[in-house]
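Written out below as structure tokens is the structure these notes cover.
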Amino acid sequence: MLGAIIGDTVGSVYEFENIKTTEFDLFAPDCDYTDDSVMTMAVADWLLNDKTRNTQALVDTFVYFANKYPCPMGGYGSGFHRWLTSPDISFDEAVRDDGTKYIAFKEMRKPYNSWGNGSAMRTSAVGWMFDTLEETERIAALQAGITHNHPEGIKGAQAVSAAIFMARNGMTKEDIKLYIESKYGYDLSKTCDEIRPYYEYNESCQGTVPQAMIAFFESTDFESCVRLAVSLGGDCDTLTCIAAGMAEAFYKDIPGWIIDETWKRLPDDFKTILTKFNSETGYNIINYIPKSSFA
């Protein structure tokens, strides 16, 4: 899951200023986490603290994190922003302990049939949490459907979570590619060099997830995946968030200096969740963090 945060952070400064090259300083002075990381942390926190997988609890967690971190770099998409800030309100009669009646109001947030890539960029924790591919895909659909209940929104989250699950369990890239193509119907036949010249900003799952996967498949290590993903352009903080989440699971090795550069940019809450999550899932990438990060 830390890989997704790194990808988001590195790609943050290129979201609206695409660079179309793999030759760049990995950490620009003003790069930072974005809404992608905030919502990734929200899903992880929900998985850690709500073992019943209650959907209302996830709604409340999204709202809590969005309110606590209201101005991340980048900003939320318009649909998700409306979902956060303009819920439906219901008014119902309620009874106090002393028997008197009053009118209580309740905020109601409903999914808005989105096929946006937000469902896929926040799902990396799901790929790490569960013991079976079936449960991984089920929970991926559950977390996506809170907002992104369009078939493409659900498919994107499931495909990314499945790829992470398969990668962390030792499946080859070819096995992962064949499974994703056959089950989810994504065209993964192109190369990064073929995609890069014409690829433009695209907020959809169907226009982001395949490209992120191709960057992962074509990479040779974690850093090369990040560089390839950024070089494609488009909504590249989200694209790189997705690609790097898969790369972390596959390579199981992130250079310490990359972790350190990201770690020092994160709020303490994020560090606490990442550390707890890694402990619960038995994944020790957090041990690569240089001690200077805790100074």
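Please note that chains go A, B, ... in the order of the structure tokens, that every chain numbers its residues from 1, and that ligands are numbered from 1 in the order shown.
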Residue neighbourhood stretch 207-210 of chain A, 12 Å, only C-alpha atoms, exclusion window fewer than 4 positions, as an NGL selection string: :A and (115-121 or 123 or 152-161 or 163 or 177 or 180-181 or 184-192 or 195 or 199-203 or 214-217 or 229 or 232-246)
Non-local contacts of stretch 97-112 of chain A (10 Å; only C-alpha atoms; under 4 positions in same chain excluded) as JSON, numbers by chain: {"A": [56, 59, 60, 63, 79, 80, 82, 83, 84, 85, 86, 87, 88, 89, 90, 91, 92, 93, 144, 145, 146, 147, 148, 149, 150]}
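Using only C-alpha atoms for every distance, the candidate list A:Lys68, A:Met129, A:Tyr14, A:Thr220 yields A:Met129 as the residue closest to A:Trp46.
These are the residues of stretch 15-136 of chain A assigned strand (DSSP E or B) by DSSP from backbone coordinates: Thr34, Met73, Asp88, Ile89, Ser90, Phe91, Asp92, Glu93, Ala94, Val95, Lys101, Tyr102, Ile103, Ala104, Phe105, Lys106, Glu107, Met108 and Gly116 of chain A.
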Sel. of helix (DSSP H, G or I) residues, stretch 39-183 of chain A, as a ChimeraX atom specification: /A:39-49,55-68,78-85,118-121,124-129,133-145,151-168,173-183
Can you write just those residues out, C-alpha atoms, as a JSON list (two decimals), in the first residue's frame?
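Wrote it out as selection32.json, contents follow:
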[["chain", "number", "residue", "atom", "x", "y", "z"],
["A", 39, "MET", "CA", -8.85, 8.06, 0.28],
["A", 40, "THR", "CA", -6.36, 5.17, 0.16],
["A", 41, "MET", "CA", -5.72, 5.79, 3.86],
["A", 42, "ALA", "CA", -9.46, 5.91, 4.50],
["A", 43, "VAL", "CA", -9.99, 2.47, 2.96],
["A", 44, "ALA", "CA", -7.05, 1.06, 4.91],
["A", 45, "ASP", "CA", -8.35, 2.53, 8.16],
["A", 46, "TRP", "CA", -11.79, 1.02, 7.50],
["A", 47, "LEU", "CA", -10.28, -2.40, 6.81],
["A", 48, "LEU", "CA", -8.26, -2.24, 10.02],
["A", 49, "ASN", "CA", -11.05, -1.07, 12.30],
["A", 55, "THR", "CA", -20.72, 0.10, 4.24],
["A", 56, "GLN", "CA", -22.02, 2.96, 6.40],
["A", 57, "ALA", "CA", -18.82, 2.76, 8.41],
["A", 58, "LEU", "CA", -16.87, 3.21, 5.17],
["A", 59, "VAL", "CA", -19.02, 6.20, 4.19],
["A", 60, "ASP", "CA", -18.33, 7.76, 7.59],
["A", 61, "THR", "CA", -14.61, 7.05, 7.22],
["A", 62, "PHE", "CA", -14.45, 8.71, 3.80],
["A", 63, "VAL", "CA", -16.20, 11.79, 5.19],
["A", 64, "TYR", "CA", -13.96, 11.89, 8.26],
["A", 65, "PHE", "CA", -10.72, 11.74, 6.26],
["A", 66, "ALA", "CA", -11.93, 14.24, 3.68],
["A", 67, "ASN", "CA", -12.85, 16.70, 6.41],
["A", 68, "LYS", "CA", -9.61, 16.16, 8.31],
["A", 78, "SER", "CA", -16.49, 17.10, -8.90],
["A", 79, "GLY", "CA", -18.77, 14.09, -8.40],
["A", 80, "PHE", "CA", -17.02, 12.92, -5.27],
["A", 81, "HIS", "CA", -16.88, 16.49, -3.95],
["A", 82, "ARG", "CA", -20.66, 16.78, -4.30],
["A", 83, "TRP", "CA", -21.07, 13.40, -2.60],
["A", 84, "LEU", "CA", -18.96, 14.65, 0.31],
["A", 85, "THR", "CA", -20.43, 18.10, 0.72],
["A", 118, "GLY", "CA", -11.24, 7.10, -7.89],
["A", 119, "SER", "CA", -12.50, 3.62, -7.08],
["A", 120, "ALA", "CA", -9.32, 2.06, -8.47],
["A", 121, "MET", "CA", -6.80, 4.50, -7.01],
["A", 124, "SER", "CA", -4.62, -0.99, -2.95],
["A", 125, "ALA", "CA", -5.17, -1.91, 0.72],
["A", 126, "VAL", "CA", -7.86, -4.39, -0.35],
["A", 127, "GLY", "CA", -5.30, -6.30, -2.39],
["A", 128, "TRP", "CA", -3.16, -6.81, 0.70],
["A", 129, "MET", "CA", -5.76, -7.63, 3.34],
["A", 133, "LEU", "CA", -8.85, -13.78, -4.57],
["A", 134, "GLU", "CA", -12.61, -14.20, -4.30],
["A", 135, "GLU", "CA", -12.80, -12.19, -1.06],
["A", 136, "THR", "CA", -10.40, -9.60, -2.44],
["A", 137, "GLU", "CA", -12.62, -8.97, -5.44],
["A", 138, "ARG", "CA", -15.78, -8.96, -3.31],
["A", 139, "ILE", "CA", -14.47, -6.30, -0.93],
["A", 140, "ALA", "CA", -13.03, -4.28, -3.83],
["A", 141, "ALA", "CA", -16.52, -4.14, -5.34],
["A", 142, "LEU", "CA", -17.97, -3.21, -1.95],
["A", 143, "GLN", "CA", -15.63, -0.28, -1.38],
["A", 144, "ALA", "CA", -16.06, 0.91, -4.97],
["A", 145, "GLY", "CA", -19.84, 0.73, -4.89],
["A", 151, "PRO", "CA", -19.93, -1.38, -13.78],
["A", 152, "GLU", "CA", -16.69, 0.25, -15.01],
["A", 153, "GLY", "CA", -16.04, 1.82, -11.61],
["A", 154, "ILE", "CA", -16.48, -1.52, -9.87],
["A", 155, "LYS", "CA", -14.47, -3.38, -12.51],
["A", 156, "GLY", "CA", -11.53, -1.02, -12.16],
["A", 157, "ALA", "CA", -11.31, -1.47, -8.40],
["A", 158, "GLN", "CA", -11.65, -5.24, -8.67],
["A", 159, "ALA", "CA", -9.01, -5.54, -11.38],
["A", 160, "VAL", "CA", -6.43, -3.50, -9.45],
["A", 161, "SER", "CA", -7.10, -5.32, -6.19],
["A", 162, "ALA", "CA", -6.89, -8.69, -7.95],
["A", 163, "ALA", "CA", -3.58, -7.77, -9.58],
["A", 164, "ILE", "CA", -2.11, -6.74, -6.23],
["A", 165, "PHE", "CA", -3.36, -9.93, -4.58],
["A", 166, "MET", "CA", -1.86, -12.09, -7.33],
["A", 167, "ALA", "CA", 1.42, -10.16, -7.35],
["A", 168, "ARG", "CA", 1.96, -10.43, -3.60],
["A", 173, "LYS", "CA", 3.23, -10.92, -14.74],
["A", 174, "GLU", "CA", 2.00, -13.12, -17.57],
["A", 175, "ASP", "CA", -0.40, -14.93, -15.24],
["A", 176, "ILE", "CA", -1.72, -11.63, -13.90],
["A", 177, "LYS", "CA", -2.09, -10.17, -17.38],
["A", 178, "LEU", "CA", -3.98, -13.19, -18.70],
["A", 179, "TYR", "CA", -6.35, -13.17, -15.74],
["A", 180, "ILE", "CA", -7.11, -9.45, -15.99],
["A", 181, "GLU", "CA", -7.63, -9.61, -19.75],
["A", 182, "SER", "CA", -9.89, -12.65, -19.57],
["A", 183, "LYS", "CA", -11.99, -11.65, -16.55]]
For atom CA of A:Val230 and atom CA of A:Asp25, the interatomic separation in Å (one decimal): 11.3 Å
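Closest approach to A:Glu280 among A:Pro267, A:Phe130, A:Ile259, A:Met213 is made by A:Phe130 (distances from only C-alpha atoms).
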Counting only C-alpha atoms, give me one row per residue of stretch 245-285 of chain A with an atom at most 9 Å from an atom of stretch 26-30 of chain A, showing the shortest contact pair and its distance in Å to one decimal, sorted by chain then residue number, as JSON lines.
{"residue": "A:Ile258", "atom": "CA", "partner": "A:Leu26", "partner_atom": "CA", "distance": 8.5}
{"residue": "A:Glu261", "atom": "CA", "partner": "A:Phe27", "partner_atom": "CA", "distance": 7.5}
{"residue": "A:Thr262", "atom": "CA", "partner": "A:Phe27", "partner_atom": "CA", "distance": 8.5}
Store the residues of this selection in a file with C-alpha atoms, as a tab-separated table (two decimals), in the first residue's frame.
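Output contents, as saved in selection_32.tsv:
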chain	number	residue	atom	x	y	z
A	258	ILE	CA	12.33	6.65	-2.06
A	261	GLU	CA	11.44	11.02	0.68
A	262	THR	CA	7.76	10.06	0.74
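The space separating atom CA of A:Gly282 from atom CA of A:Asp36 comes to 23.9 Å.
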